[in-house]
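Shown here: data_29.txt, compact mmCIF, C-alpha atoms.
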# COMPACT_ATOMS: atom_id res chain seq x y z
CA MET A 1 17.16 7.07 5.45
CA ASP A 2 16.91 3.93 3.30
CA THR A 3 14.80 3.80 0.16
CA ILE A 4 12.17 1.09 -0.26
CA THR A 5 12.60 -0.63 -3.62
CA SER A 6 10.21 -3.59 -3.34
CA THR A 7 6.44 -3.81 -3.59
CA SER A 8 6.56 -6.63 -1.03
CA ASN A 9 7.59 -4.19 1.69
CA GLN A 10 5.05 -4.23 4.57
CA TYR A 11 4.36 -0.49 4.42
CA VAL A 12 3.88 -0.50 0.66
CA LYS A 13 1.58 -3.52 0.88
CA LEU A 14 -0.52 -1.87 3.58
CA ALA A 15 -0.82 1.41 1.68
CA ARG A 16 -1.78 -0.38 -1.53
CA SER A 17 -4.42 -2.46 0.26
CA LEU A 18 -6.25 0.69 1.37
CA SER A 19 -7.61 1.19 -2.13
CA GLU A 20 -10.16 -1.49 -1.13
CA LYS A 21 -12.95 -0.82 1.35
CA LYS A 22 -12.63 -4.18 3.11
CA PHE A 23 -9.05 -3.39 4.12
CA ARG A 24 -9.97 0.14 5.20
CA ASP A 25 -12.66 -1.40 7.39
CA GLN A 26 -10.32 -4.07 8.78
CA THR A 27 -7.48 -1.70 9.64
CA GLY A 28 -9.37 1.49 10.49
CA LEU A 29 -6.98 3.32 8.17
CA PHE A 30 -7.28 5.22 4.90
CA LEU A 31 -4.96 6.72 2.32
CA VAL A 32 -4.54 10.46 1.79
CA GLU A 33 -2.73 11.32 -1.42
CA GLY A 34 -1.34 14.62 -2.61
CA ALA A 35 0.75 17.51 -1.35
CA ASN A 36 -2.10 20.05 -1.45
CA ILE A 37 -4.45 18.05 0.79
CA LEU A 38 -1.71 16.98 3.19
CA ARG A 39 -0.37 20.52 3.46
CA ASP A 40 -3.76 21.62 4.84
CA MET A 41 -4.43 18.51 6.92
CA PRO A 42 -4.73 19.43 10.62
CA SER A 43 -1.80 18.31 12.74
CA SER A 44 -4.31 16.66 15.09
CA GLU A 45 -4.91 13.90 12.52
CA GLN A 46 -3.29 10.59 13.44
CA VAL A 47 -0.83 9.75 10.67
CA GLU A 48 0.54 6.21 10.88
CA PHE A 49 3.30 6.91 8.35
CA PHE A 50 4.19 8.79 5.17
CA LEU A 51 5.46 7.37 1.90
CA ILE A 52 7.43 9.82 -0.26
CA ASP A 53 8.94 9.62 -3.72
CA GLU A 54 12.67 9.91 -3.02
CA GLU A 55 13.06 12.41 -5.85
CA LYS A 56 10.73 14.86 -4.08
CA GLN A 57 11.91 14.42 -0.51
CA SER A 58 13.33 17.88 0.06
CA GLU A 59 10.32 19.79 -1.26
CA LEU A 60 7.90 17.79 0.89
CA GLU A 61 9.68 17.94 4.24
CA LYS A 62 7.60 20.91 5.43
CA ILE A 63 4.51 18.70 5.26
CA THR A 64 5.89 15.76 7.20
CA ASN A 65 7.55 17.99 9.79
CA LYS A 66 4.09 18.91 11.17
CA PHE A 67 3.60 15.34 12.32
CA PHE A 68 5.61 13.04 14.57
CA SER A 69 5.17 10.12 12.20
CA PRO A 70 7.58 7.76 10.42
CA VAL A 71 8.58 8.73 6.87
CA PHE A 72 9.66 6.14 4.30
CA LEU A 73 11.24 6.92 0.96
CA LEU A 74 10.23 5.00 -2.15
CA SER A 75 11.80 4.78 -5.55
CA SER A 76 9.66 6.56 -8.16
CA LYS A 77 8.69 3.25 -9.73
CA ILE A 78 7.47 1.76 -6.45
CA PHE A 79 5.76 5.01 -5.41
CA GLY A 80 3.69 4.91 -8.59
CA THR A 81 2.22 1.53 -7.57
CA VAL A 82 0.85 3.01 -4.35
CA CYS A 83 -0.96 5.97 -5.92
CA ASP A 84 -4.46 6.12 -7.31
CA THR A 85 -3.77 9.13 -9.55
CA VAL A 86 -2.26 9.33 -13.03
CA SER A 87 0.19 12.09 -12.07
CA PRO A 88 1.22 11.53 -8.42
CA GLN A 89 2.44 14.49 -6.36
CA GLY A 90 5.08 12.44 -4.57
CA ILE A 91 3.51 11.93 -1.15
CA VAL A 92 0.86 9.79 0.51
CA ALA A 93 -0.09 9.35 4.14
CA VAL A 94 -1.72 6.43 5.89
CA VAL A 95 -4.14 8.03 8.35
CA LYS A 96 -6.38 6.68 11.11
CA LYS A 97 -10.10 7.03 10.43
CA ASN A 98 -11.90 9.57 12.59
CA GLU A 99 -15.11 7.64 13.14
CA HIS A 100 -17.93 8.97 15.30
CA ASN A 101 -20.67 7.30 17.30
CA PHE A 102 -24.13 8.45 16.24
CA ALA A 103 -25.32 11.71 17.76
CA LEU A 104 -27.85 14.33 16.76
CA PRO A 105 -26.40 17.48 15.18
CA THR A 106 -25.80 20.65 17.14
CA LYS A 107 -25.26 22.79 14.02
CA ASP A 108 -26.42 22.77 10.40
CA ALA A 109 -26.26 19.29 8.89
CA LEU A 110 -26.71 17.19 5.78
CA VAL A 111 -28.43 13.85 5.34
CA LEU A 112 -27.28 12.08 2.18
CA ASP A 113 -29.41 9.25 0.87
CA LYS A 114 -27.60 6.80 -1.44
CA VAL A 115 -25.13 9.30 -2.91
CA ALA A 116 -23.09 6.62 -4.65
CA ASP A 117 -20.76 8.68 -6.84
CA ALA A 118 -17.44 9.24 -5.05
CA GLY A 119 -16.71 12.49 -6.87
CA ASN A 120 -20.10 13.91 -5.91
CA LEU A 121 -19.68 12.86 -2.29
CA GLY A 122 -16.23 14.41 -2.02
CA THR A 123 -17.47 17.64 -3.58
CA ILE A 124 -20.36 17.75 -1.11
CA LEU A 125 -17.93 17.38 1.82
CA ARG A 126 -15.78 20.17 0.43
CA THR A 127 -18.75 22.53 0.07
CA ALA A 128 -20.24 21.53 3.42
CA ALA A 129 -16.99 22.45 5.17
CA ALA A 130 -16.95 25.82 3.41
CA ALA A 131 -20.59 26.52 4.29
CA ASP A 132 -20.20 25.24 7.88
CA PHE A 133 -22.60 22.31 7.51
CA THR A 134 -20.33 20.25 9.73
CA SER A 135 -22.45 17.17 10.53
CA ILE A 136 -22.84 14.77 7.59
CA TYR A 137 -25.12 11.72 7.89
CA LEU A 138 -24.48 9.05 5.29
CA LEU A 139 -27.28 6.60 4.50
CA GLU A 140 -26.10 3.86 2.12
CA CYS A 141 -23.62 6.19 0.41
CA ALA A 142 -20.20 5.70 -1.15
CA ASP A 143 -17.41 5.07 1.34
CA VAL A 144 -16.34 8.46 2.64
CA TYR A 145 -12.77 7.15 3.08
CA SER A 146 -12.28 5.96 -0.50
CA PRO A 147 -9.30 7.63 -2.22
CA LYS A 148 -11.52 9.39 -4.75
CA VAL A 149 -13.83 10.85 -2.10
CA VAL A 150 -10.86 12.02 -0.04
CA ARG A 151 -9.23 13.71 -3.05
CA ALA A 152 -12.48 15.32 -4.22
CA SER A 153 -13.11 16.71 -0.73
CA MET A 154 -9.87 18.75 -0.99
CA GLY A 155 -9.38 18.49 2.75
CA GLY A 156 -13.06 18.97 3.57
CA ILE A 157 -13.16 15.48 5.08
CA PHE A 158 -10.99 16.77 7.93
CA LYS A 159 -13.33 19.70 8.65
CA VAL A 160 -16.64 17.85 9.04
CA ASP A 161 -17.98 15.00 11.18
CA CYS A 162 -19.27 12.05 9.13
CA TYR A 163 -21.72 9.51 10.52
CA THR A 164 -22.70 6.29 8.79
CA VAL A 165 -26.37 5.79 9.71
CA ASN A 166 -29.29 3.48 9.15
CA GLU A 167 -32.67 4.68 7.96
CA GLN A 168 -34.15 5.16 11.45
CA GLN A 169 -31.15 7.20 12.60
CA ALA A 170 -31.43 9.38 9.49
CA ILE A 171 -35.11 9.94 10.22
CA SER A 172 -34.35 10.86 13.84
CA VAL A 173 -31.97 13.60 12.62
CA ILE A 174 -34.59 14.90 10.20
CA GLU A 175 -37.35 14.91 12.81
CA ALA A 176 -35.19 16.68 15.43
CA THR A 177 -34.21 19.62 13.19
CA SER A 178 -35.59 22.07 10.65
CA SER A 179 -35.27 19.65 7.75
CA PHE A 180 -35.64 20.37 4.05
CA ALA A 181 -35.47 17.59 1.47
CA LEU A 182 -34.51 18.43 -2.10
CA ASP A 183 -37.03 17.07 -4.59
CA MET A 184 -38.36 18.33 -7.93
CA ASP A 185 -41.93 18.37 -6.62
CA GLY A 186 -41.16 20.66 -3.68
CA LYS A 187 -41.71 24.31 -2.91
CA SER A 188 -39.24 26.74 -4.49
CA LEU A 189 -35.98 27.01 -2.56
CA LEU A 190 -35.98 30.73 -3.31
CA GLU A 191 -38.92 31.16 -0.95
CA LEU A 192 -37.12 29.41 1.89
CA LYS A 193 -36.16 31.49 4.91
CA LYS A 194 -33.31 30.76 7.30
CA SER A 195 -34.27 28.57 10.23
CA PRO A 196 -32.15 27.66 13.25
CA GLN A 197 -30.22 24.43 12.85
CA ILE A 198 -31.15 23.38 9.34
CA THR A 199 -30.76 19.88 7.96
CA LEU A 200 -30.70 19.57 4.18
CA VAL A 201 -31.47 16.21 2.62
CA GLY A 202 -30.15 15.12 -0.77
CA GLY A 203 -30.49 11.85 -2.66
CA SER A 204 -29.00 10.12 -5.65
CA GLU A 205 -29.75 11.40 -9.14
CA ALA A 206 -30.97 7.95 -10.14
CA HIS A 207 -33.52 7.53 -7.35
CA GLY A 208 -33.78 10.82 -5.46
CA VAL A 209 -34.67 10.82 -1.77
CA ARG A 210 -36.53 7.73 -0.59
CA GLU A 211 -40.18 8.11 0.39
CA SER A 212 -39.71 7.49 4.13
CA ILE A 213 -37.13 10.29 4.32
CA LEU A 214 -39.31 12.67 2.29
CA ASN A 215 -42.24 11.96 4.58
CA ALA A 216 -40.18 12.66 7.69
CA SER A 217 -38.83 15.99 6.40
CA LYS A 218 -40.45 19.20 7.61
CA GLN A 219 -40.54 20.62 4.05
CA ILE A 220 -39.76 19.50 0.53
CA VAL A 221 -38.02 22.11 -1.61
CA SER A 222 -36.88 22.34 -5.21
CA ILE A 223 -34.50 24.52 -7.19
CA PRO A 224 -36.32 26.41 -9.95
CA MET A 225 -34.87 25.75 -13.41
CA LYS A 226 -35.37 27.16 -16.88
CA ASN A 227 -34.88 25.90 -20.42
CA GLN A 228 -36.68 22.64 -19.63
CA MET A 229 -33.84 21.28 -17.52
CA GLU A 230 -35.13 18.55 -15.24
CA SER A 231 -32.50 18.22 -12.55
CA LEU A 232 -29.09 19.22 -11.25
CA ASN A 233 -26.16 17.16 -10.06
CA VAL A 234 -26.72 16.43 -6.34
CA ALA A 235 -23.47 18.15 -5.36
CA VAL A 236 -24.47 21.29 -7.26
CA ALA A 237 -28.01 21.23 -5.89
CA LEU A 238 -26.83 20.91 -2.30
CA ALA A 239 -24.24 23.64 -2.78
CA ILE A 240 -26.98 26.04 -3.93
CA ALA A 241 -29.22 25.02 -1.03
CA MET A 242 -26.47 25.36 1.59
CA TYR A 243 -25.55 28.87 0.51
CA LYS A 244 -29.19 29.89 0.21
CA THR A 245 -29.87 28.89 3.81
CA ILE A 246 -26.76 30.05 5.70
Could you take the file, read its structure, and then write that structure out as structure tokens?
Amino acid sequence: MDTITSTSNQYVKLARSLSEKKFRDQTGLFLVEGANILRDMPSSEQVEFFLIDEEKQSELEKITNKFFSPVFLLSSKIFGTVCDTVSPQGIVAVVKKNEHNFALPTKDALVLDKVADAGNLGTILRTAAAADFTSIYLLECADVYSPKVVRASMGGIFKVDCYTVNEQQAISVIEATSSFALDMDGKSLLELKKSPQITLVGGSEAHGVRESILNASKQIVSIPMKNQMESLNVAVALAIAMYKTI
């Protein structure tokens, strides 16, 4: 197997381009970086190809052997230009997006309103997968396929169904289910009882949940806090709410 030693190589150029949303949208592909995430990635995912640091080839073969996908070796110097992390783990995969047409949820779900921080969004996906909130509706949020979201999800992105929605579609989800929006002016979450097919709604820390979404929700709930704390990170707040309601 030959080693790629030039950044002008077509596979290197494609992988590097996926750091930008416009190229992810154009190609329908995204980059998955890191041995830990790829080790747990389901074999049903469509991997276009792998890029591996030649110095780590032998230790990473178990990952690539799960997939019938081309594997290209890179010199360490070239591999570093592909990665988004400071300390690369020696492997990246170019994977086909798993995009879904809009549909109402059949299980517990989340509606996320303008969650713009990639780290928060990835953490929410990770927790949602763990709590079995497997339908995620994204209204004007960060790109779920950005490298930072994918890394922060720790494989959660492969365990949930993500839908990019407009405001009316988000409202239709909220109106069709037992929906609870998180807002500081709501009823205490501790008083909330489990309902069939819950939808939890979270918004950005800067703006919260928009008024139209709050108005459509069946209830507005808040997390009680002490010591004069005003709010929690949206990922933390949703984690508490998910585990309170499952």
If you count all atoms listed in the file, the residue of A:Asn9, A:Ser188, A:Ser17, A:Thr3 closest to Gln57 in chain A turns out to be A:Thr3
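Using all atoms listed in the file, the nearest neighbour of Ser146 in chain A within the list A:Lys21, A:Lys56, A:Lys66, A:Lys226 is A:Lys21.
Here CA of Ala176 in chain A is placed at a distance of 11.6 Å from CA of Pro196 in chain A.
Between CA of Val160 in chain A and CA of Pro224 in chain A lies a distance of 28.7 Å.
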- Quick one: everything within 6 Å of Thr123 in chain A, counting all atoms listed in the file, minus sequence neighbours fewer than 2 positions away in the same chain. Send it as a PyMOL selection string. chain A and resi 120-121+125-126+152-153
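We find CA of Ile213 in chain A and CA of Ser178 in chain A to be spaced 13.5 Å apart.
Each of A:Gln46, A:Thr127, A:Thr164, A:Thr106 was checked against Thr199 in chain A using only C-alpha atoms; the smallest atom-to-atom distance is that of A:Thr106.
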Fill in: Shell around Ile78 in chain A at 7 Å using only C-alpha atoms, local window under 2 positions removed, as a ChimeraX atom specification
/A:5-7,74-76,80-81
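Of the residues listed (A:Glu48, A:Asp25, A:Glu20, A:Asp117), A:Glu20 shows the shortest atom-to-atom separation from Asp84 in chain A; distances use all atoms listed in the file.
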**Request:** Find the residues near Ser172 in chain A: any atom within 10 Å, counting all atoms listed in the file, skip ones fewer than 6 places away on the same chain, and give them as a VMD selection string.
**Result:** chain A and resid 103 to 104 213 216
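Neighbours of Glu99 in chain A closer than or equal to 8 Å, with all atoms listed in the file counted and sequence neighbours fewer than 2 positions away skipped, come out as Lys97, Asn101, Cys162 and Tyr163 of chain A.
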Quick one: everything within 12 Å of Leu214 in chain A, counting only C-alpha atoms, minus sequence neighbours fewer than 4 positions away in the same chain. Send it as a PyMOL selection string.
-> chain A and resi 111+113+167+170-171+174-175+179-186+200-203+208-210+218-221
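Minimum atom-to-atom distances from A:Val82, A:Val115, A:Val150, A:Ala131 to Asn36 in chain A were compared using all atoms listed in the file, and the lowest value belongs to A:Val150.
Of the listed residues (A:Thr64, A:Ser8, A:Gln197, A:Asn215), A:Gln197 comes nearest to Thr134 in chain A; the distances count all atoms listed in the file.
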Residues within 8 Å of (2.1, 1.2, 5.5), file coordinates, counting all atoms listed in the file: what are they? Give the list as a PDB file with C-alpha atoms, in the frame of the given file.
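Saved as point_36.pdb:
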ATOM      1  CA  GLN A  10       5.050  -4.230   4.570  1.00  0.00           C
ATOM      2  CA  TYR A  11       4.360  -0.490   4.420  1.00  0.00           C
ATOM      3  CA  VAL A  12       3.880  -0.500   0.660  1.00  0.00           C
ATOM      4  CA  LYS A  13       1.580  -3.520   0.880  1.00  0.00           C
ATOM      5  CA  LEU A  14      -0.520  -1.870   3.580  1.00  0.00           C
ATOM      6  CA  ALA A  15      -0.820   1.410   1.680  1.00  0.00           C
ATOM      7  CA  GLU A  48       0.540   6.210  10.880  1.00  0.00           C
ATOM      8  CA  PHE A  49       3.300   6.910   8.350  1.00  0.00           C
ATOM      9  CA  PHE A  50       4.190   8.790   5.170  1.00  0.00           C
ATOM     10  CA  LEU A  51       5.460   7.370   1.900  1.00  0.00           C
ATOM     11  CA  VAL A  94      -1.720   6.430   5.890  1.00  0.00           C
TER      12      VAL A  94
END
Local residues around (-28.9, 9.6, -7.9), at most 8 Å away, using only C-alpha atoms, as a tab-separated table (two decimals) with C-alpha atoms, keeping the file's coordinate frame:
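Result written to point-v6.tsv:
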chain	number	residue	atom	x	y	z
A	114	LYS	CA	-27.60	6.80	-1.44
A	115	VAL	CA	-25.13	9.30	-2.91
A	116	ALA	CA	-23.09	6.62	-4.65
A	203	GLY	CA	-30.49	11.85	-2.66
A	204	SER	CA	-29.00	10.12	-5.65
A	205	GLU	CA	-29.75	11.40	-9.14
A	206	ALA	CA	-30.97	7.95	-10.14
A	207	HIS	CA	-33.52	7.53	-7.35
A	208	GLY	CA	-33.78	10.82	-5.46
A	234	VAL	CA	-26.72	16.43	-6.34
